[in-house]
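Reproduced below: query.tsv, with TSV, C-alpha atoms.
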chain	number	residue	atom	x	y	z
C	322	MET	CA	0.00	0.00	0.00
C	323	LYS	CA	1.21	3.49	-0.84
C	324	ILE	CA	1.16	6.22	1.78
C	325	GLU	CA	1.34	9.95	1.21
C	326	LYS	CA	4.68	11.49	2.16
C	327	ASN	CA	2.87	14.14	4.21
C	328	ARG	CA	1.71	11.39	6.58
C	329	ILE	CA	5.28	10.21	7.13
C	330	LYS	CA	6.42	13.78	7.70
C	331	ALA	CA	3.59	14.42	10.15
C	332	ALA	CA	4.37	11.18	11.99
C	333	TRP	CA	7.98	12.32	12.50
C	334	GLU	CA	6.87	15.83	13.47
C	335	GLY	CA	4.19	14.54	15.80
C	336	ARG	CA	6.46	12.09	17.57
C	337	ILE	CA	9.22	14.65	18.07
C	338	SER	CA	6.84	17.40	19.20
C	339	GLY	CA	5.04	15.09	21.63
C	340	CYS	CA	8.37	13.99	23.06
C	341	LEU	CA	9.52	17.58	23.56
C	342	LEU	CA	6.22	18.43	25.24
C	343	GLY	CA	6.48	15.66	27.81
C	344	LYS	CA	10.21	15.81	28.47
C	345	PRO	CA	10.31	18.71	31.00
C	346	VAL	CA	7.84	16.99	33.35
C	347	GLU	CA	8.97	13.39	32.90
C	348	MET	CA	10.88	13.01	36.16
C	349	MET	CA	8.36	15.16	38.02
C	350	SER	CA	5.54	12.87	36.95
C	351	MET	CA	7.44	9.68	37.79
C	352	ARG	CA	8.72	10.77	41.19
C	353	GLU	CA	6.02	13.09	42.47
C	354	GLY	CA	2.90	11.93	40.66
C	355	LYS	CA	0.13	13.36	38.52
C	356	GLU	CA	-1.28	15.84	41.06
C	357	PHE	CA	2.12	17.41	41.72
C	358	MET	CA	2.73	17.74	37.98
C	359	GLU	CA	-0.69	19.27	37.40
C	360	LYS	CA	-0.06	21.84	40.15
C	361	PHE	CA	3.26	22.73	38.50
C	362	LEU	CA	1.61	23.14	35.09
C	363	LYS	CA	-1.00	25.48	36.57
C	364	GLU	CA	1.70	27.57	38.26
C	365	ALA	CA	3.52	27.74	34.92
C	366	ASN	CA	0.36	28.95	33.15
C	367	SER	CA	0.53	25.82	31.00
C	368	TYR	CA	-2.71	24.14	32.02
C	369	PRO	CA	-4.62	22.76	30.25
C	370	LEU	CA	-1.62	21.65	28.24
C	371	ARG	CA	-2.10	22.79	24.64
C	372	ASP	CA	1.36	24.18	23.81
C	373	TYR	CA	4.93	23.70	24.95
C	374	ILE	CA	5.40	24.15	28.69
C	375	ASN	CA	6.39	27.60	29.90
C	376	TYR	CA	9.77	27.63	31.61
C	377	VAL	CA	9.62	27.91	35.40
C	378	ASP	CA	12.61	27.53	37.65
C	379	SER	CA	12.37	24.07	39.23
C	380	PRO	CA	14.76	21.34	40.38
C	381	TYR	CA	13.12	19.13	37.77
C	382	ILE	CA	13.62	21.53	34.85
C	383	ARG	CA	17.33	21.39	34.21
C	384	GLY	CA	19.85	20.43	31.51
C	385	VAL	CA	18.31	19.54	28.15
C	386	ASN	CA	14.83	19.83	29.70
C	387	ILE	CA	15.20	23.61	29.68
C	388	GLY	CA	15.65	23.42	25.91
C	389	CYS	CA	12.27	21.72	25.64
C	390	CYS	CA	10.32	24.60	27.18
C	391	LYS	CA	8.42	27.25	25.26
C	392	GLY	CA	10.64	30.07	24.03
C	393	LYS	CA	13.81	28.07	24.66
C	394	ILE	CA	13.49	25.39	22.00
C	395	LYS	CA	16.14	25.55	19.26
C	396	LYS	CA	16.20	21.91	18.17
C	397	ALA	CA	14.78	18.52	19.09
C	398	GLU	CA	16.94	17.70	22.08
C	399	GLN	CA	18.46	14.24	22.42
C	400	ASP	CA	16.03	11.66	23.80
C	401	ASP	CA	15.83	7.88	23.65
C	402	ASP	CA	12.33	8.03	22.12
C	403	ILE	CA	13.85	9.63	19.03
C	404	THR	CA	17.22	7.85	19.12
C	405	TYR	CA	15.52	4.44	18.89
C	406	LEU	CA	13.28	5.65	16.08
C	407	VAL	CA	16.32	6.64	14.02
C	408	LEU	CA	18.05	3.38	14.92
C	409	ALA	CA	15.04	1.37	13.70
C	410	LEU	CA	15.19	3.31	10.44
C	411	MET	CA	18.88	2.45	10.07
C	412	MET	CA	18.32	-1.22	10.89
C	413	LEU	CA	15.57	-1.48	8.27
C	414	GLU	CA	17.82	0.21	5.72
C	415	ASN	CA	20.56	-2.31	6.48
C	416	HIS	CA	18.53	-5.50	6.92
C	417	GLY	CA	15.10	-4.90	5.43
C	418	LEU	CA	12.21	-7.08	6.52
C	419	ASP	CA	14.64	-9.90	7.33
C	420	LEU	CA	15.76	-7.99	10.45
C	421	THR	CA	16.42	-10.40	13.33
C	422	THR	CA	16.85	-10.00	17.07
C	423	ASP	CA	20.56	-10.69	16.54
C	424	ASP	CA	20.70	-7.78	14.08
C	425	VAL	CA	19.14	-5.56	16.74
C	426	ALA	CA	21.70	-6.75	19.30
C	427	ARG	CA	24.62	-6.06	16.98
C	428	SER	CA	23.21	-2.64	16.10
C	429	TRP	CA	23.06	-1.72	19.78
C	430	ILE	CA	26.64	-2.78	20.43
C	431	ASN	CA	28.02	-1.06	17.33
C	432	LEU	CA	25.88	2.08	17.19
C	433	LEU	CA	24.26	2.79	20.55
C	434	PRO	CA	26.33	4.16	23.45
C	435	ALA	CA	25.68	2.34	26.72
C	436	GLY	CA	24.94	5.69	28.36
C	437	ALA	CA	21.97	6.17	26.03
C	438	THR	CA	20.25	3.05	27.41
C	439	PHE	CA	18.08	2.79	30.52
C	440	THR	CA	16.36	0.16	32.68
C	441	ALA	CA	15.68	-2.99	30.60
C	442	GLU	CA	17.83	-1.77	27.72
C	443	ARG	CA	20.76	-1.05	30.03
C	444	GLU	CA	20.48	-4.50	31.63
C	445	ALA	CA	20.25	-6.18	28.23
C	446	TYR	CA	23.22	-4.18	26.98
C	447	LEU	CA	25.37	-5.26	29.93
C	448	LYS	CA	24.37	-8.89	29.47
C	449	LEU	CA	25.24	-8.68	25.78
C	450	LEU	CA	28.69	-7.37	26.61
C	451	SER	CA	29.24	-10.24	29.01
C	452	HIS	CA	28.17	-12.93	26.54
C	453	ILE	CA	29.29	-11.86	23.06
C	454	ASP	CA	32.65	-12.33	21.41
C	455	MET	CA	34.22	-10.17	18.71
C	456	ALA	CA	33.00	-12.45	15.94
C	457	TYR	CA	29.34	-12.09	16.97
C	458	GLN	CA	29.61	-8.31	17.09
C	459	PHE	CA	30.47	-8.25	13.39
C	460	GLY	CA	28.03	-10.89	12.18
C	461	GLY	CA	29.52	-14.12	13.50
C	462	GLU	CA	27.76	-17.05	15.13
C	463	ARG	CA	25.87	-16.50	18.37
C	464	LYS	CA	27.13	-18.82	21.10
C	465	PHE	CA	24.65	-17.90	23.83
C	466	ASP	CA	20.91	-18.14	24.40
C	467	LEU	CA	19.12	-14.89	23.54
C	468	ASP	CA	16.65	-15.50	26.38
C	469	LEU	CA	19.46	-14.76	28.81
C	470	ILE	CA	19.61	-11.17	27.57
C	471	SER	CA	16.00	-10.31	28.41
C	472	ASP	CA	16.23	-11.83	31.90
C	473	ASN	CA	15.99	-8.61	33.93
C	474	GLU	CA	13.68	-6.98	36.48
C	475	PHE	CA	12.53	-4.29	34.03
C	476	ASN	CA	11.46	-6.53	31.15
C	477	ASP	CA	7.78	-5.60	31.41
C	478	TRP	CA	8.46	-1.85	31.37
C	479	ILE	CA	7.89	0.62	28.52
C	480	GLY	CA	11.34	0.55	26.88
C	481	ALA	CA	10.47	-1.74	23.98
C	482	GLN	CA	7.20	0.10	23.36
C	483	ILE	CA	9.08	3.29	22.44
C	484	ARG	CA	11.42	1.59	19.96
C	485	ILE	CA	9.04	0.23	17.37
C	486	ASP	CA	6.89	2.92	15.70
C	487	MET	CA	9.01	2.81	12.55
C	488	TYR	CA	7.99	-0.77	11.77
C	489	GLY	CA	4.38	0.33	11.45
C	490	TRP	CA	5.17	3.55	9.59
C	491	VAL	CA	6.96	1.78	6.74
C	492	LEU	CA	4.39	-1.01	6.40
C	493	PRO	CA	1.02	0.70	5.87
C	494	GLY	CA	-1.69	-1.90	5.42
C	495	ASN	CA	0.60	-4.72	6.62
C	496	PRO	CA	0.15	-4.83	10.41
C	497	LYS	CA	1.07	-8.51	10.72
C	498	VAL	CA	4.62	-7.97	9.48
C	499	ALA	CA	4.91	-4.71	11.44
C	500	ALA	CA	3.93	-6.51	14.65
C	501	ASP	CA	6.35	-9.34	13.92
C	502	LEU	CA	9.24	-6.90	13.41
C	503	ALA	CA	8.34	-5.16	16.66
C	504	ARG	CA	8.46	-8.47	18.52
C	505	ARG	CA	11.89	-9.29	17.08
C	506	ASP	CA	13.17	-5.95	18.35
C	507	ALA	CA	11.37	-6.02	21.70
C	508	LYS	CA	12.44	-9.56	22.61
C	509	LEU	CA	16.05	-8.52	22.97
C	510	SER	CA	15.30	-6.78	26.27
C	511	HIS	CA	11.66	-7.49	27.16
C	512	ARG	CA	9.20	-10.32	27.70
C	513	GLY	CA	5.50	-11.07	27.94
C	514	CYS	CA	3.09	-8.14	28.00
C	515	ALA	CA	5.80	-5.63	27.08
C	516	VAL	CA	6.49	-7.48	23.84
C	517	GLU	CA	2.78	-7.58	23.02
C	518	CYS	CA	2.38	-3.87	23.84
C	519	SER	CA	5.17	-3.17	21.37
C	520	ALA	CA	3.60	-5.37	18.70
C	521	TYR	CA	0.30	-3.57	19.23
C	522	ILE	CA	1.71	-0.07	18.68
C	523	ALA	CA	3.48	-1.19	15.49
C	524	ALA	CA	0.34	-2.90	14.22
C	525	LEU	CA	-1.78	0.17	15.02
C	526	ALA	CA	0.58	2.42	13.08
C	527	ALA	CA	0.34	0.06	10.12
C	528	CYS	CA	-3.47	-0.03	10.34
C	529	ILE	CA	-4.05	3.73	10.49
C	530	PRO	CA	-3.52	4.67	6.80
C	531	ASN	CA	-5.80	1.86	5.61
C	532	SER	CA	-8.64	2.38	8.11
C	533	ASN	CA	-11.77	4.49	7.85
C	534	ASN	CA	-11.28	5.98	11.31
C	535	ARG	CA	-9.24	5.67	14.50
C	536	ASP	CA	-11.72	3.38	16.25
C	537	GLU	CA	-11.51	0.92	13.38
C	538	ALA	CA	-7.70	1.02	13.40
C	539	VAL	CA	-7.51	0.45	17.17
C	540	GLU	CA	-9.88	-2.53	16.93
C	541	GLN	CA	-8.16	-4.00	13.87
C	542	ALA	CA	-4.72	-3.84	15.49
C	543	LEU	CA	-5.97	-6.10	18.30
C	544	GLU	CA	-6.09	-8.95	15.77
C	545	PHE	CA	-2.29	-9.02	15.70
C	546	ILE	CA	-1.55	-9.52	19.40
C	547	ASP	CA	-2.33	-12.28	21.86
C	548	LYS	CA	-6.01	-11.92	22.79
C	549	ASP	CA	-5.27	-13.27	26.28
C	550	SER	CA	-2.44	-10.79	26.87
C	551	GLU	CA	-2.69	-8.02	29.44
C	552	ALA	CA	-1.87	-5.73	26.51
C	553	THR	CA	-5.24	-6.59	24.99
C	554	GLU	CA	-6.89	-5.83	28.32
C	555	ALA	CA	-5.17	-2.42	28.44
C	556	VAL	CA	-6.38	-1.52	24.94
C	557	LYS	CA	-9.95	-2.59	25.73
C	558	LEU	CA	-9.92	-0.54	28.93
C	559	ALA	CA	-8.90	2.49	26.88
C	560	GLN	CA	-11.64	1.78	24.33
C	561	ASP	CA	-14.26	1.49	27.06
C	562	ASN	CA	-13.26	4.86	28.49
C	563	LYS	CA	-12.91	6.78	25.24
C	564	SER	CA	-13.84	10.45	25.76
C	565	LYS	CA	-14.49	9.75	29.44
C	566	ASP	CA	-12.67	10.51	32.66
C	567	LEU	CA	-9.33	8.77	33.18
C	568	GLY	CA	-10.44	7.44	36.56
C	569	PRO	CA	-10.92	3.77	35.63
C	570	ILE	CA	-7.47	3.63	33.99
C	571	LEU	CA	-5.78	5.35	36.93
C	572	ARG	CA	-7.50	3.02	39.41
C	573	LYS	CA	-6.77	-0.12	37.39
C	574	TYR	CA	-3.03	0.56	37.38
C	575	GLU	CA	-2.67	2.28	40.75
C	576	GLY	CA	0.65	1.35	42.34
C	577	MET	CA	2.17	0.09	39.07
C	578	SER	CA	5.54	1.49	38.02
C	579	PRO	CA	5.05	4.77	36.12
C	580	VAL	CA	7.21	3.32	33.35
C	581	HIS	CA	5.38	0.00	32.97
C	582	SER	CA	4.19	-0.97	29.50
C	583	LEU	CA	0.54	-1.61	30.37
C	584	ASN	CA	-0.56	1.59	32.11
C	585	ASN	CA	1.17	3.71	29.49
C	586	LEU	CA	-0.33	1.74	26.60
C	587	ALA	CA	-3.78	2.40	28.04
C	588	ILE	CA	-3.04	6.15	28.16
C	589	VAL	CA	-1.75	6.16	24.58
C	590	VAL	CA	-4.83	4.44	23.17
C	591	TRP	CA	-7.20	6.52	25.34
C	592	SER	CA	-5.64	9.78	24.15
C	593	PHE	CA	-5.55	8.67	20.52
C	594	LEU	CA	-9.24	7.78	20.59
C	595	SER	CA	-10.56	10.56	22.81
C	596	PHE	CA	-9.20	13.63	21.04
C	597	GLN	CA	-9.71	13.00	17.35
C	598	ASN	CA	-10.15	16.57	16.18
C	599	SER	CA	-7.13	18.19	17.79
C	600	PHE	CA	-3.43	17.34	17.80
C	601	ASP	CA	-2.99	19.83	20.67
C	602	GLU	CA	-5.51	18.04	22.87
C	603	ALA	CA	-4.31	14.54	22.02
C	604	ILE	CA	-0.69	15.06	23.02
C	605	GLY	CA	-1.58	17.57	25.76
C	606	GLU	CA	-3.87	15.12	27.51
C	607	ALA	CA	-1.49	12.19	26.95
C	608	VAL	CA	1.21	14.12	28.82
C	609	SER	CA	-1.16	15.52	31.46
C	610	ALA	CA	-2.31	11.99	32.28
C	611	GLY	CA	1.05	11.40	33.93
C	612	TRP	CA	3.23	8.31	34.19
C	613	ASP	CA	5.79	8.28	31.34
C	614	THR	CA	5.01	11.70	29.88
C	615	ASP	CA	7.58	12.06	27.11
C	616	CYS	CA	7.15	8.50	25.86
C	617	ASN	CA	3.36	8.80	25.72
C	618	GLY	CA	3.49	12.25	24.17
C	619	ALA	CA	5.85	10.89	21.52
C	620	THR	CA	3.84	7.76	20.72
C	621	VAL	CA	0.50	9.57	20.59
C	622	GLY	CA	2.07	12.37	18.54
C	623	GLY	CA	3.38	9.93	15.96
C	624	LEU	CA	0.09	8.06	15.67
C	625	VAL	CA	-1.98	11.25	15.40
C	626	GLY	CA	0.44	12.68	12.84
C	627	LEU	CA	0.13	9.52	10.78
C	628	ASP	CA	-3.64	9.87	10.91
C	629	LEU	CA	-4.00	13.62	10.29
C	630	GLY	CA	-1.13	14.08	7.85
C	631	GLU	CA	-0.41	17.55	9.19
C	632	ILE	CA	0.92	19.04	12.44
C	633	PRO	CA	0.23	22.65	13.49
C	634	GLU	CA	3.23	24.89	12.83
C	635	LYS	CA	3.40	26.11	16.43
C	636	TRP	CA	4.73	22.65	17.35
C	637	THR	CA	7.26	22.25	14.55
C	638	LYS	CA	8.60	25.75	13.95
C	639	PRO	CA	10.55	26.06	17.24
C	640	TRP	CA	12.83	23.07	16.58
C	641	GLN	CA	13.53	24.04	12.95
C	642	GLY	CA	13.80	20.51	11.56
C	643	ARG	CA	16.89	19.87	13.70
C	644	VAL	CA	16.91	16.41	15.29
C	645	SER	CA	19.53	15.27	17.80
C	646	THR	CA	20.28	11.61	18.50
C	647	ALA	CA	22.66	9.67	20.72
C	648	ILE	CA	23.66	7.26	17.94
C	649	SER	CA	27.43	7.05	17.57
C	650	GLY	CA	28.81	9.33	14.89
C	651	LEU	CA	25.49	10.87	13.86
C	652	GLY	CA	24.88	13.88	16.05
C	653	GLU	CA	22.28	16.21	14.58
C	654	LEU	CA	20.10	15.14	11.65
C	655	LYS	CA	17.68	16.98	9.36
C	656	LEU	CA	13.99	16.18	9.48
C	657	GLU	CA	13.66	16.38	5.69
C	658	ASP	CA	16.33	13.72	5.24
C	659	LEU	CA	14.68	11.41	7.79
C	660	VAL	CA	11.35	11.80	6.01
C	661	GLU	CA	12.93	11.00	2.63
C	662	ARG	CA	14.67	7.92	3.99
C	663	THR	CA	11.50	6.67	5.66
C	664	SER	CA	9.44	7.27	2.53
C	665	SER	CA	12.00	5.33	0.49
C	666	LEU	CA	11.48	2.31	2.75
C	667	VAL	CA	7.71	2.54	2.35
C	668	SER	CA	8.19	2.37	-1.43
C	669	LYS	CA	10.69	-0.46	-1.12
C	670	PHE	CA	8.45	-2.62	1.08
C	671	SER	CA	5.15	-1.95	-0.67
Would you mind writing the structure in this file as structure tokens?
Amino acid sequence: MKIEKNRIKAAWEGRISGCLLGKPVEMMSMREGKEFMEKFLKEANSYPLRDYINYVDSPYIRGVNIGCCKGKIKKAEQDDDITYLVLALMMLENHGLDLTTDDVARSWINLLPAGATFTAEREAYLKLLSHIDMAYQFGGERKFDLDLISDNEFNDWIGAQIRIDMYGWVLPGNPKVAADLARRDAKLSHRGCAVECSAYIAALAACIPNSNNRDEAVEQALEFIDKDSEATEAVKLAQDNKSKDLGPILRKYEGMSPVHSLNNLAIVVWSFLSFQNSFDEAIGEAVSAGWDTDCNGATVGGLVGLDLGEIPEKWTKPWQGRVSTAISGLGELKLEDLVERTSSLVSKFS
């Protein structure tokens, strides 16, 4: 299936803008909770959240987070949500649809600095270093069980869910293959529900261009994950509460890690379904919901961009098409080049 280039551009713009929106309050949300974050947003005259967050002096707003606040944005600051998106693009360019979990592992070791990994990814990275030899790093035989690498205490968290959008973007109308690619990537560091959450997001992205509406896409994507998975339960909870108060979702996952895959998947789907006429509202409410704010803002932003095909200029103009990544040797990239490369893959795989 063909897809208009404007959709790919808007997906990139939406994901980056949503990430930048949620980044300043990420640690605040995780450590202090939703109510504390909401109080901060009100004090910053940024509530309800419909634009980049106004800068207010706070222990939580420091370093690159300052560069994600309104009036201070010059580029898309470095963030793992965007780094992994670019890495997925590179892996697909190098390996195509034959990409394997071993290819992902080698790409991490050769291209991804250890300092750019966190939680499950960091644990998987360290395990890789302890098990691989030089031959494996450069394409040689694997002499260890891959299941050892995902054996970590964070393997049901959100990390894999933020790595896999690209697989859906480049396979419009082919959610089965998109979900399969997402699983191959996710299984390096994650297990169980986190792998299915990842497969779901990739499948949803692949369903969007070929669906009549968002509700249809969300329902169709469920066909490509385990129906008995907790990921399916999270999606259905979001569907049941579309355009309603977040209460049932917040109560269902009360006490769960703010960076778990399930609670954040529910927020992503809820936001995507509940605010269909406004990019501002969709990413604003995804971030305001709390938990993993930059990841959810990014994922919702990408999905909405893919659906709408256009992002309001107030979100894109501040960062000027400049995209920073942590990938070794790359540094800053140009949005227009990333869009061209992504569009080339869509043509190649269609």
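Checking C:Trp591, C:Phe600, C:Trp490, C:Trp429 one by one against Leu408 (chain C), counting only C-alpha atoms, you find the shortest gap at C:Trp429.
Between CA of Ala647 (chain C) and CA of Ile588 (chain C) the separation is 27.0 Å.
Close contacts of Arg427 (chain C), defined as residues with an atom at most 7 Å away when counting all atoms listed in the file, with chain neighbours fewer than 4 positions off set aside, comprise Asp423, Asn431 and Gln458 of chain C.
Excluding Leu624 (chain C) itself and any same-chain residue fewer than 4 positions from it, the protein and nucleic acid residues within 10 Å of it, counting all atoms listed in the file, are Arg328, Ala331, Ala332, Trp333, Gly335, Arg336, Asp486, Gly489, Trp490, Ile522, Ala523, Leu525, Ala526, Ala527, Ile529, Arg535, Val589, Val590, Phe593, Ala619, Thr620, Asp628, Leu629 and Gly630 of chain C.
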Residue neighbourhood Leu583 (chain C), 10 Å, all atoms listed in the file, exclusion window fewer than 3 positions, as a ChimeraX atom specification: /C:477-479,482,514-515,517-518,551-556,574,577-580,586-589
Given 5 Å on each side, where is the centre and what are the edge lengths in Å to one decimal of the axis-aligned box enclosing the listed atoms of region 498-502 of chain C, as JSON?
{"center_x": 6.6, "center_y": -7.0, "center_z": 12.1, "size_x": 15.3, "size_y": 14.6, "size_z": 15.2}
Shortest interatomic distance to Pro633 (chain C) - which of C:Ser338, C:Asp402, C:Ala610, C:Ile387, counting only C-alpha atoms: C:Ser338
Nearest-residue call for Ala603 (chain C), choices C:Gly623, C:Ser664, C:Ser367, C:His511, using all atoms listed in the file: C:Gly623
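If you look at CA of Gly417 (chain C) and CA of Leu432 (chain C), they are 17.4 Å away from each other.
The closest residue to Phe357 (chain C), picked from C:Lys669, C:Ser609, C:Arg505, C:Asp658 and counting only C-alpha atoms, is C:Ser609.
In this comparison, which uses only C-alpha atoms, the residue of C:Pro434, C:Arg504, C:Thr422, C:Lys355 approaching Gly650 (chain C) most closely is C:Pro434.
The space between CA of Arg383 (chain C) and CA of Pro345 (chain C) spans 8.2 Å.
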Among the residues C:Gly513, C:Glu537, C:Asp613, C:Ser564, the one that comes closest to Asp549 (chain C) [using all atoms listed in the file]: C:Gly513
Spatial neighbours of Val660 (chain C), 12 Å, only C-alpha atoms, chain gap at least 6 places, as a ChimeraX atom specification: /C:325-334,406-407,410,487,490-491,642,644,654,666-667
All residues 8 Å or closer to Gly611 (chain C), only C-alpha atoms, same chain fewer than 4 positions away omitted, as a PyMOL selection string: chain C and resi 350-351+354-355+358+607
